[in-house]
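Engineer: Below is data_1.csv; it holds CSV, C-alpha atoms.
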chain,number,residue,atom,x,y,z
A,765,MET,CA,20.1,14.1,4.0
A,766,THR,CA,17.2,16.1,2.7
A,767,LYS,CA,14.6,17.7,5.0
A,768,LEU,CA,12.0,15.2,3.7
A,769,MET,CA,14.2,12.3,4.7
A,770,GLU,CA,14.9,13.9,8.1
A,771,TRP,CA,11.2,14.4,8.9
A,772,LEU,CA,10.3,10.9,7.6
A,773,SER,CA,13.0,9.2,9.7
A,774,GLY,CA,11.9,11.2,12.8
A,775,LEU,CA,8.3,10.3,12.3
A,776,THR,CA,9.3,6.6,11.7
A,777,VAL,CA,11.2,6.5,15.0
A,778,LEU,CA,8.3,8.0,16.9
A,779,GLY,CA,5.8,5.7,15.1
A,780,VAL,CA,7.9,2.6,16.0
A,781,LEU,CA,8.0,3.8,19.7
A,782,TRP,CA,4.2,4.3,19.7
A,783,ALA,CA,3.5,1.0,18.1
A,784,THR,CA,5.8,-0.8,20.5
A,785,VAL,CA,3.9,0.6,23.5
A,786,THR,CA,0.4,0.4,22.0
A,787,PHE,CA,0.5,-3.1,20.6
A,788,ASP,CA,3.0,-4.5,23.3
A,789,LEU,CA,5.4,-5.7,20.7
A,790,LEU,CA,8.2,-6.3,23.2
A,791,GLY,CA,6.1,-8.1,25.7
A,792,LEU,CA,6.7,-5.3,28.3
A,793,ASP,CA,3.1,-5.5,29.6
A,794,PRO,CA,2.4,-1.8,30.3
A,795,PRO,CA,-0.3,-0.9,32.9
A,796,GLU,CA,-3.8,-0.5,31.5
A,797,ALA,CA,-3.8,3.3,32.0
A,798,VAL,CA,-0.7,3.7,29.9
A,799,LEU,CA,-2.3,1.6,27.1
A,800,GLN,CA,-5.4,3.7,27.3
A,801,VAL,CA,-3.4,7.0,26.9
A,802,SER,CA,-1.1,5.5,24.2
A,803,TRP,CA,-3.4,4.4,21.5
A,804,PRO,CA,-5.2,7.7,20.7
A,805,LEU,CA,-1.9,9.6,21.1
A,806,PRO,CA,-1.3,10.3,17.3
A,807,VAL,CA,-4.8,11.7,16.9
A,808,PHE,CA,-4.4,13.7,20.1
A,809,LEU,CA,-1.2,15.3,18.8
A,810,LEU,CA,-3.0,16.2,15.5
A,811,VAL,CA,-6.0,17.7,17.4
A,812,ALA,CA,-3.6,19.7,19.7
A,813,LEU,CA,-1.8,21.0,16.6
A,814,GLY,CA,-5.1,22.0,15.1
A,815,CYS,CA,-6.2,23.8,18.3
A,816,PHE,CA,-2.9,25.6,18.5
A,817,SER,CA,-3.1,26.7,14.8
A,818,LEU,CA,-6.7,27.9,15.3
A,819,GLY,CA,-5.8,29.8,18.5
A,820,THR,CA,-2.8,31.5,16.8
A,821,VAL,CA,-4.9,32.6,13.8
A,822,GLY,CA,-7.6,34.0,16.1
A,823,TYR,CA,-5.1,35.8,18.3
A,824,ARG,CA,-3.4,37.3,15.2
A,825,VAL,CA,-6.8,38.4,13.9
A,826,ALA,CA,-7.6,40.1,17.2
A,827,THR,CA,-4.3,41.9,17.5
A,828,PHE,CA,-3.9,42.9,13.9
A,829,ASN,CA,-2.4,46.4,13.7
A,830,ASP,CA,-5.0,48.1,11.4
A,831,CYS,CA,-3.9,51.7,10.4
A,832,GLN,CA,-7.1,53.4,9.3
A,833,THR,CA,-5.6,56.7,8.4
A,834,ALA,CA,-2.7,55.1,6.5
A,835,ALA,CA,-5.2,52.9,4.5
A,836,ALA,CA,-7.3,56.0,3.5
A,837,GLU,CA,-4.2,57.9,2.5
A,838,LEU,CA,-3.0,54.9,0.4
A,839,GLN,CA,-6.4,54.7,-1.4
A,840,ALA,CA,-6.2,58.4,-2.2
A,841,GLN,CA,-2.7,58.0,-3.6
A,842,ILE,CA,-3.8,55.1,-5.7
A,843,ARG,CA,-6.6,57.1,-7.2
A,844,GLU,CA,-4.3,60.0,-7.9
A,845,ALA,CA,-1.7,57.7,-9.6
A,846,LYS,CA,-4.5,56.1,-11.7
A,847,THR,CA,-5.8,59.4,-13.1
A,848,ASP,CA,-2.3,60.7,-13.6
A,849,LEU,CA,-1.3,57.6,-15.6
A,850,GLN,CA,-4.5,57.6,-17.6
A,851,ARG,CA,-3.8,61.2,-18.6
A,852,LYS,CA,-0.4,60.1,-19.8
A,853,GLY,CA,-1.9,57.4,-22.1
A,854,LEU,CA,-1.7,54.2,-20.1
A,855,ARG,CA,-5.0,52.2,-20.4
A,856,PHE,CA,-6.2,50.0,-17.5
B,246,MET,CA,-5.9,48.4,16.3
B,247,ALA,CA,-8.1,45.7,14.8
B,248,SER,CA,-11.8,46.6,14.5
B,249,GLY,CA,-14.2,45.6,17.3
B,250,VAL,CA,-15.7,42.7,15.2
B,251,ASP,CA,-12.2,41.4,14.4
B,252,GLN,CA,-11.2,41.5,18.0
B,253,ALA,CA,-14.4,39.7,19.1
B,254,VAL,CA,-14.1,37.0,16.4
B,255,GLY,CA,-10.3,36.6,17.1
B,256,MET,CA,-10.7,36.2,20.9
B,257,GLY,CA,-13.7,34.0,20.3
B,258,LEU,CA,-11.5,31.7,18.2
B,259,VAL,CA,-8.8,31.7,21.0
B,260,GLY,CA,-11.4,30.9,23.6
B,261,PHE,CA,-13.0,28.1,21.6
B,262,SER,CA,-9.7,26.5,20.7
B,263,LEU,CA,-8.6,26.7,24.4
B,264,LEU,CA,-11.8,25.0,25.6
B,265,LEU,CA,-11.5,22.3,22.9
B,266,PHE,CA,-7.9,21.6,23.9
B,267,ILE,CA,-8.7,21.4,27.6
B,268,TYR,CA,-11.7,19.1,27.1
B,269,TYR,CA,-9.8,16.8,24.7
B,270,THR,CA,-6.7,16.7,26.9
B,271,LEU,CA,-8.8,15.7,29.9
B,272,TRP,CA,-10.5,13.1,27.8
B,273,VAL,CA,-7.4,11.4,26.4
B,274,ILE,CA,-4.6,12.1,28.9
B,275,VAL,CA,-6.2,12.6,32.4
B,276,LEU,CA,-9.3,10.3,32.4
B,277,PRO,CA,-7.4,6.9,32.2
B,278,PHE,CA,-5.7,7.8,35.5
B,279,VAL,CA,-9.0,8.6,37.3
B,280,ASP,CA,-10.9,5.9,39.2
B,281,SER,CA,-13.6,4.4,37.0
B,282,ASP,CA,-16.4,5.2,39.5
B,283,HIS,CA,-15.5,8.9,39.7
B,284,VAL,CA,-18.4,11.2,38.7
B,285,ILE,CA,-16.3,13.0,36.0
B,286,HIS,CA,-16.5,10.0,33.7
B,287,GLY,CA,-20.2,10.8,33.0
B,288,TYR,CA,-19.1,14.0,31.2
B,289,PHE,CA,-17.1,12.1,28.5
B,290,LEU,CA,-18.1,9.7,25.8
B,291,PRO,CA,-16.4,6.2,25.5
B,292,ARG,CA,-12.8,6.5,24.4
B,293,GLU,CA,-13.4,5.2,20.9
B,294,TYR,CA,-15.2,8.5,20.1
B,295,SER,CA,-12.0,10.4,21.0
B,296,VAL,CA,-10.5,9.0,17.7
B,297,ILE,CA,-13.8,8.7,15.6
B,298,LEU,CA,-15.0,12.3,16.1
B,299,PRO,CA,-11.8,14.0,15.0
B,300,GLY,CA,-11.7,11.5,12.1
B,301,ILE,CA,-15.1,12.6,11.0
B,302,ALA,CA,-14.2,16.3,11.5
B,303,ALA,CA,-11.1,15.8,9.3
B,304,LEU,CA,-13.2,14.1,6.6
B,305,LEU,CA,-15.8,16.9,6.6
B,306,LEU,CA,-12.9,19.5,6.4
B,307,VAL,CA,-11.5,17.7,3.3
B,308,LEU,CA,-15.0,17.5,1.8
B,309,PHE,CA,-15.6,21.3,2.3
B,310,VAL,CA,-12.2,22.3,1.0
B,311,GLY,CA,-12.6,20.0,-2.1
B,312,THR,CA,-16.1,21.3,-2.8
B,313,PHE,CA,-14.9,24.9,-2.5
B,314,ILE,CA,-12.0,24.3,-4.9
B,315,ALA,CA,-14.3,22.5,-7.4
B,316,LEU,CA,-16.9,25.4,-7.2
B,317,VAL,CA,-14.2,28.0,-7.8
B,318,MET,CA,-12.7,26.1,-10.7
B,319,TRP,CA,-16.1,25.5,-12.2
B,320,LYS,CA,-17.0,29.3,-12.0
B,321,ASN,CA,-13.7,30.3,-13.6
B,322,ARG,CA,-13.8,27.9,-16.6
B,323,LYS,CA,-13.3,29.8,-19.9
B,324,PRO,CA,-15.1,28.6,-23.1
B,325,LYS,CA,-12.8,27.7,-26.0
B,326,LYS,CA,-12.2,30.6,-28.3
B,327,THR,CA,-13.7,30.1,-31.9
B,328,GLN,CA,-11.7,31.4,-34.8
Show this structure as C-alpha cells.
Structural biologist:
Amino acid sequence: MTKLMEWLSGLTVLGVLWATVTFDLLGLDPPEAVLQVSWPLPVFLLVALGCFSLGTVGYRVATFNDCQTAAAELQAQIREAKTDLQRKGLRF
Amino acid sequence: MASGVDQAVGMGLVGFSLLLFIYYTLWVIVLPFVDSDHVIHGYFLPREYSVILPGIAALLLVLFVGTFIALVMWKNRKPKKTQ
C-alpha cells in the first residue's frame, strides 16, 4: 500500500470515529460536554499543529548557530576565488 | 549564537504560539467541563467562533500566499523576444 493510501485510510478511520461521536450516528447519546468538545476537534488539531509549527520555527530561529568569523572568512574566500577565476578567463 | 534580534523574534514567536495554544485549548477542551455560571466563561467567545475564527485566519493566509505568488510571477514575466 502506498503512503498516500495509508494516510488516507488512517484519516478516514479517524473521520468516521469523529462523525460517529459528533452526529450520534450509533444512538449512543454522549453527554453534552463530550459533544461540545467533539465537534470542533478537527479544527482544534489543525490549530494545535499550526501553533507547534510556529513555535518550532521560532525556537530554531532563536537558537540558530550563527558563526560570524566563519561567515566573514567564507566571503573573503569567495572574493579571492572570483578574482582568480576572472584572471584565468572565466566570465561571470 | 543567533543575533540579539533573531533571539528576540524567535522567543517572541515561541511565547505567542504557546499563549495561543493554551487559550485555544482552554476554550475548546476545558470550558465544556466547567459549570456554565463560572466567571471564566466571560473571557471566551461563544463556541461557534472557535471554528469560525481559525477558518477566517486560514482564508486570509491562503489569500496572502496567493497574492504574494501572483506578485512575484508578475514581476518576473519576460517579454517575448523579437527576431
Engineer: What are the residues of chain B lining chain A at 12 Å or less? Count only C-alpha atoms, and put the answer as a PyMOL selection string.
Structural biologist: chain B and resi 246-281+291-303+306
Engineer: Go ahead and dump the residues you just picked, C-alpha atoms, as a compact mmCIF listing (two decimals), in the coordinates of the input.
Structural biologist:
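And here's result_28.txt as it stands now:
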# COMPACT_ATOMS: atom_id res chain seq x y z
CA MET B 246 -5.90 48.40 16.30
CA ALA B 247 -8.10 45.70 14.80
CA SER B 248 -11.80 46.60 14.50
CA GLY B 249 -14.20 45.60 17.30
CA VAL B 250 -15.70 42.70 15.20
CA ASP B 251 -12.20 41.40 14.40
CA GLN B 252 -11.20 41.50 18.00
CA ALA B 253 -14.40 39.70 19.10
CA VAL B 254 -14.10 37.00 16.40
CA GLY B 255 -10.30 36.60 17.10
CA MET B 256 -10.70 36.20 20.90
CA GLY B 257 -13.70 34.00 20.30
CA LEU B 258 -11.50 31.70 18.20
CA VAL B 259 -8.80 31.70 21.00
CA GLY B 260 -11.40 30.90 23.60
CA PHE B 261 -13.00 28.10 21.60
CA SER B 262 -9.70 26.50 20.70
CA LEU B 263 -8.60 26.70 24.40
CA LEU B 264 -11.80 25.00 25.60
CA LEU B 265 -11.50 22.30 22.90
CA PHE B 266 -7.90 21.60 23.90
CA ILE B 267 -8.70 21.40 27.60
CA TYR B 268 -11.70 19.10 27.10
CA TYR B 269 -9.80 16.80 24.70
CA THR B 270 -6.70 16.70 26.90
CA LEU B 271 -8.80 15.70 29.90
CA TRP B 272 -10.50 13.10 27.80
CA VAL B 273 -7.40 11.40 26.40
CA ILE B 274 -4.60 12.10 28.90
CA VAL B 275 -6.20 12.60 32.40
CA LEU B 276 -9.30 10.30 32.40
CA PRO B 277 -7.40 6.90 32.20
CA PHE B 278 -5.70 7.80 35.50
CA VAL B 279 -9.00 8.60 37.30
CA ASP B 280 -10.90 5.90 39.20
CA SER B 281 -13.60 4.40 37.00
CA PRO B 291 -16.40 6.20 25.50
CA ARG B 292 -12.80 6.50 24.40
CA GLU B 293 -13.40 5.20 20.90
CA TYR B 294 -15.20 8.50 20.10
CA SER B 295 -12.00 10.40 21.00
CA VAL B 296 -10.50 9.00 17.70
CA ILE B 297 -13.80 8.70 15.60
CA LEU B 298 -15.00 12.30 16.10
CA PRO B 299 -11.80 14.00 15.00
CA GLY B 300 -11.70 11.50 12.10
CA ILE B 301 -15.10 12.60 11.00
CA ALA B 302 -14.20 16.30 11.50
CA ALA B 303 -11.10 15.80 9.30
CA LEU B 306 -12.90 19.50 6.40
Engineer: Can you work out the spacing between CA of Lys326 (chain B) and CA of Gly311 (chain B) in Å, to one decimal?
Structural biologist: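 Value for the CA of Lys326 (chain B)-CA of Gly311 (chain B) distance: 28.3 Å.
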Engineer: Between CA of Gly779 (chain A) and CA of Lys767 (chain A), measure the distance and give it in Å to one decimal.
Structural biologist: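 According to the coordinates, CA of Gly779 (chain A) and CA of Lys767 (chain A) are separated by 18.0 Å.
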Engineer: Rounded to one decimal, what separation in Å do you get between CA of Ala835 (chain A) and CA of Arg851 (chain A)?
Structural biologist: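 If I compute the distance from CA of Ala835 (chain A) to CA of Arg851 (chain A), I get 24.6 Å.
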